[in-house]
Amino acid sequence: VSYMDWSIPIAETAWFLVLLSVISAVVLRRKLYPLFQYSHKYIGAVYYISVIYHAWSFWYFACGSLLVWFVDKISRGVRAACLCAPSELEWVPRNNMVRIKLGNDAFSSYSPGQYFFVNIPQLTINEWCAHVCVC
């Protein structure tokens, strides 16, 4: 066994990171989505800052992904500006949930299985909950 072989610790670290990402996807994303979302925002910012500090030429590569991120945020903001009133509210006691039916024109561009974000300002102005369209 050669202790100068650097590929083994790197491969072990890569497998550990893959295992960690699979576990976090199941546990954090499904059960604690706000924690998942905020941690990715802050860790992503730290990542970009540290990589640009490490190699200034990385900004060539960072510009494309940051541009896509900004366009996504702007398009979500534009879509969030359209208001939609619920047409029907129904309490489902066996599932302990409220079913909200929206007007037909509100989600005409969505297909079953796609997800969308809903904000109810009377509850909280900054919280956007992800939901799946079942049409």
# chains A, B, ... in the order shown; residues from 1 in each chain; ligands from 1
$ residues_around --residues "region 76-87 of chain A" --least-positions-apart "6" --cutoff "6 Å" --atoms "only C-alpha atoms" --output "list in words"
Lys101, Leu102 and Gly103 of chain A
$ write_last_selection --atoms "all heavy atoms" --output "short mmCIF file (atom, residue, chain, number, x, y, z; two decimals), in the first residue's frame"
data_model
loop_
_atom_site.label_atom_id
_atom_site.label_comp_id
_atom_site.auth_asym_id
_atom_site.auth_seq_id
_atom_site.Cartn_x
_atom_site.Cartn_y
_atom_site.Cartn_z
N LYS A 101 -59.09 24.91 -4.90
CA LYS A 101 -59.30 24.84 -6.35
C LYS A 101 -59.23 26.25 -6.90
O LYS A 101 -59.88 27.16 -6.39
CB LYS A 101 -60.64 24.19 -6.67
CG LYS A 101 -60.67 22.72 -6.33
CD LYS A 101 -61.94 22.08 -6.81
CE LYS A 101 -61.92 20.60 -6.46
NZ LYS A 101 -63.15 19.94 -6.91
N LEU A 102 -58.44 26.41 -7.96
CA LEU A 102 -58.25 27.71 -8.57
C LEU A 102 -58.99 27.77 -9.90
O LEU A 102 -59.37 26.74 -10.46
CB LEU A 102 -56.76 27.98 -8.78
CG LEU A 102 -55.92 27.91 -7.50
CD1 LEU A 102 -54.46 27.96 -7.83
CD2 LEU A 102 -56.30 29.02 -6.55
N GLY A 103 -59.18 28.96 -10.40
CA GLY A 103 -59.88 29.14 -11.67
C GLY A 103 -59.20 28.42 -12.81
O GLY A 103 -58.00 28.12 -12.77
#
$ residues_around --residues "region 36-49 of chain A" --least-positions-apart "2" --cutoff "12 Å" --atoms "only C-alpha atoms" --output "PyMOL selection string"
chain A and resi 21+24-34+51-56+58-63+65-66+69+127-130
$ select_by_dssp --residues "chain A" --states "strand (DSSP E)" --output "list in words"
Pro86, Ser87, Glu88, Leu89, Glu90, Trp91, Val92, Met97, Val98, Arg99, Ile100, Lys101, Leu102, Tyr115, Phe116, Phe117, Val118, Cys129, Ala130, His131 and Val132 of chain A
$ write_last_selection --atoms "N, CA, C and O atoms" --output "PDB file, in the first residue's frame"
ATOM      1  N   PRO A  86     -58.948  31.868  -5.231  1.00  0.00           N
ATOM      2  CA  PRO A  86     -59.463  30.495  -5.216  1.00  0.00           C
ATOM      3  C   PRO A  86     -60.947  30.461  -5.558  1.00  0.00           C
ATOM      4  O   PRO A  86     -61.715  31.326  -5.147  1.00  0.00           O
ATOM      5  N   SER A  87     -61.355  29.458  -6.328  1.00  0.00           N
ATOM      6  CA  SER A  87     -62.764  29.308  -6.664  1.00  0.00           C
ATOM      7  C   SER A  87     -63.480  28.415  -5.657  1.00  0.00           C
ATOM      8  O   SER A  87     -64.693  28.498  -5.517  1.00  0.00           O
ATOM      9  N   GLU A  88     -62.714  27.574  -4.958  1.00  0.00           N
ATOM     10  CA  GLU A  88     -63.336  26.678  -3.981  1.00  0.00           C
ATOM     11  C   GLU A  88     -62.305  26.270  -2.933  1.00  0.00           C
ATOM     12  O   GLU A  88     -61.156  25.976  -3.246  1.00  0.00           O
ATOM     13  N   LEU A  89     -62.723  26.272  -1.669  1.00  0.00           N
ATOM     14  CA  LEU A  89     -61.914  25.790  -0.560  1.00  0.00           C
ATOM     15  C   LEU A  89     -62.639  24.621   0.077  1.00  0.00           C
ATOM     16  O   LEU A  89     -63.834  24.687   0.330  1.00  0.00           O
ATOM     17  N   GLU A  90     -61.911  23.536   0.350  1.00  0.00           N
ATOM     18  CA  GLU A  90     -62.543  22.352   0.925  1.00  0.00           C
ATOM     19  C   GLU A  90     -61.620  21.765   1.985  1.00  0.00           C
ATOM     20  O   GLU A  90     -60.439  21.541   1.758  1.00  0.00           O
ATOM     21  N   TRP A  91     -62.148  21.529   3.179  1.00  0.00           N
ATOM     22  CA  TRP A  91     -61.401  20.896   4.259  1.00  0.00           C
ATOM     23  C   TRP A  91     -61.507  19.380   4.112  1.00  0.00           C
ATOM     24  O   TRP A  91     -62.597  18.827   3.997  1.00  0.00           O
ATOM     25  N   VAL A  92     -60.364  18.701   4.086  1.00  0.00           N
ATOM     26  CA  VAL A  92     -60.321  17.246   3.983  1.00  0.00           C
ATOM     27  C   VAL A  92     -59.809  16.719   5.321  1.00  0.00           C
ATOM     28  O   VAL A  92     -58.598  16.663   5.555  1.00  0.00           O
ATOM     29  N   MET A  97     -55.865  18.387   5.622  1.00  0.00           N
ATOM     30  CA  MET A  97     -55.393  19.363   4.647  1.00  0.00           C
ATOM     31  C   MET A  97     -56.559  20.169   4.100  1.00  0.00           C
ATOM     32  O   MET A  97     -57.713  19.814   4.288  1.00  0.00           O
ATOM     33  N   VAL A  98     -56.229  21.247   3.444  1.00  0.00           N
ATOM     34  CA  VAL A  98     -57.209  22.087   2.777  1.00  0.00           C
ATOM     35  C   VAL A  98     -56.957  21.984   1.281  1.00  0.00           C
ATOM     36  O   VAL A  98     -55.837  22.197   0.811  1.00  0.00           O
ATOM     37  N   ARG A  99     -57.986  21.646   0.524  1.00  0.00           N
ATOM     38  CA  ARG A  99     -57.884  21.570  -0.930  1.00  0.00           C
ATOM     39  C   ARG A  99     -58.335  22.914  -1.484  1.00  0.00           C
ATOM     40  O   ARG A  99     -59.437  23.389  -1.210  1.00  0.00           O
ATOM     41  N   ILE A 100     -57.483  23.519  -2.274  1.00  0.00           N
ATOM     42  CA  ILE A 100     -57.780  24.812  -2.879  1.00  0.00           C
ATOM     43  C   ILE A 100     -57.922  24.602  -4.377  1.00  0.00           C
ATOM     44  O   ILE A 100     -56.984  24.162  -5.037  1.00  0.00           O
ATOM     45  N   LYS A 101     -59.088  24.908  -4.903  1.00  0.00           N
ATOM     46  CA  LYS A 101     -59.298  24.839  -6.350  1.00  0.00           C
ATOM     47  C   LYS A 101     -59.231  26.254  -6.897  1.00  0.00           C
ATOM     48  O   LYS A 101     -59.880  27.163  -6.392  1.00  0.00           O
ATOM     49  N   LEU A 102     -58.441  26.407  -7.957  1.00  0.00           N
ATOM     50  CA  LEU A 102     -58.249  27.712  -8.572  1.00  0.00           C
ATOM     51  C   LEU A 102     -58.990  27.767  -9.897  1.00  0.00           C
ATOM     52  O   LEU A 102     -59.371  26.739 -10.455  1.00  0.00           O
ATOM     53  N   TYR A 115     -44.710  21.277 -11.128  1.00  0.00           N
ATOM     54  CA  TYR A 115     -44.879  21.934  -9.846  1.00  0.00           C
ATOM     55  C   TYR A 115     -44.936  23.443 -10.023  1.00  0.00           C
ATOM     56  O   TYR A 115     -44.465  23.993 -10.993  1.00  0.00           O
ATOM     57  N   PHE A 116     -45.550  24.083  -9.050  1.00  0.00           N
ATOM     58  CA  PHE A 116     -45.651  25.531  -9.039  1.00  0.00           C
ATOM     59  C   PHE A 116     -45.587  25.993  -7.596  1.00  0.00           C
ATOM     60  O   PHE A 116     -45.736  25.211  -6.665  1.00  0.00           O
ATOM     61  N   PHE A 117     -45.341  27.276  -7.392  1.00  0.00           N
ATOM     62  CA  PHE A 117     -45.217  27.838  -6.065  1.00  0.00           C
ATOM     63  C   PHE A 117     -46.442  28.682  -5.759  1.00  0.00           C
ATOM     64  O   PHE A 117     -46.894  29.453  -6.592  1.00  0.00           O
ATOM     65  N   VAL A 118     -46.950  28.528  -4.546  1.00  0.00           N
ATOM     66  CA  VAL A 118     -48.137  29.260  -4.107  1.00  0.00           C
ATOM     67  C   VAL A 118     -47.758  30.093  -2.887  1.00  0.00           C
ATOM     68  O   VAL A 118     -47.079  29.616  -1.981  1.00  0.00           O
ATOM     69  N   CYS A 129     -44.770  28.071  -1.114  1.00  0.00           N
ATOM     70  CA  CYS A 129     -44.828  26.622  -0.943  1.00  0.00           C
ATOM     71  C   CYS A 129     -44.910  25.951  -2.308  1.00  0.00           C
ATOM     72  O   CYS A 129     -45.683  26.352  -3.164  1.00  0.00           O
ATOM     73  N   ALA A 130     -44.120  24.896  -2.485  1.00  0.00           N
ATOM     74  CA  ALA A 130     -44.127  24.150  -3.735  1.00  0.00           C
ATOM     75  C   ALA A 130     -45.283  23.171  -3.730  1.00  0.00           C
ATOM     76  O   ALA A 130     -45.537  22.484  -2.749  1.00  0.00           O
ATOM     77  N   HIS A 131     -46.017  23.119  -4.840  1.00  0.00           N
ATOM     78  CA  HIS A 131     -47.148  22.196  -4.996  1.00  0.00           C
ATOM     79  C   HIS A 131     -47.073  21.545  -6.373  1.00  0.00           C
ATOM     80  O   HIS A 131     -46.471  22.073  -7.289  1.00  0.00           O
ATOM     81  N   VAL A 132     -47.711  20.399  -6.480  1.00  0.00           N
ATOM     82  CA  VAL A 132     -47.742  19.668  -7.751  1.00  0.00           C
ATOM     83  C   VAL A 132     -49.100  19.833  -8.376  1.00  0.00           C
ATOM     84  O   VAL A 132     -50.135  19.717  -7.700  1.00  0.00           O
TER      85      VAL A 132
END
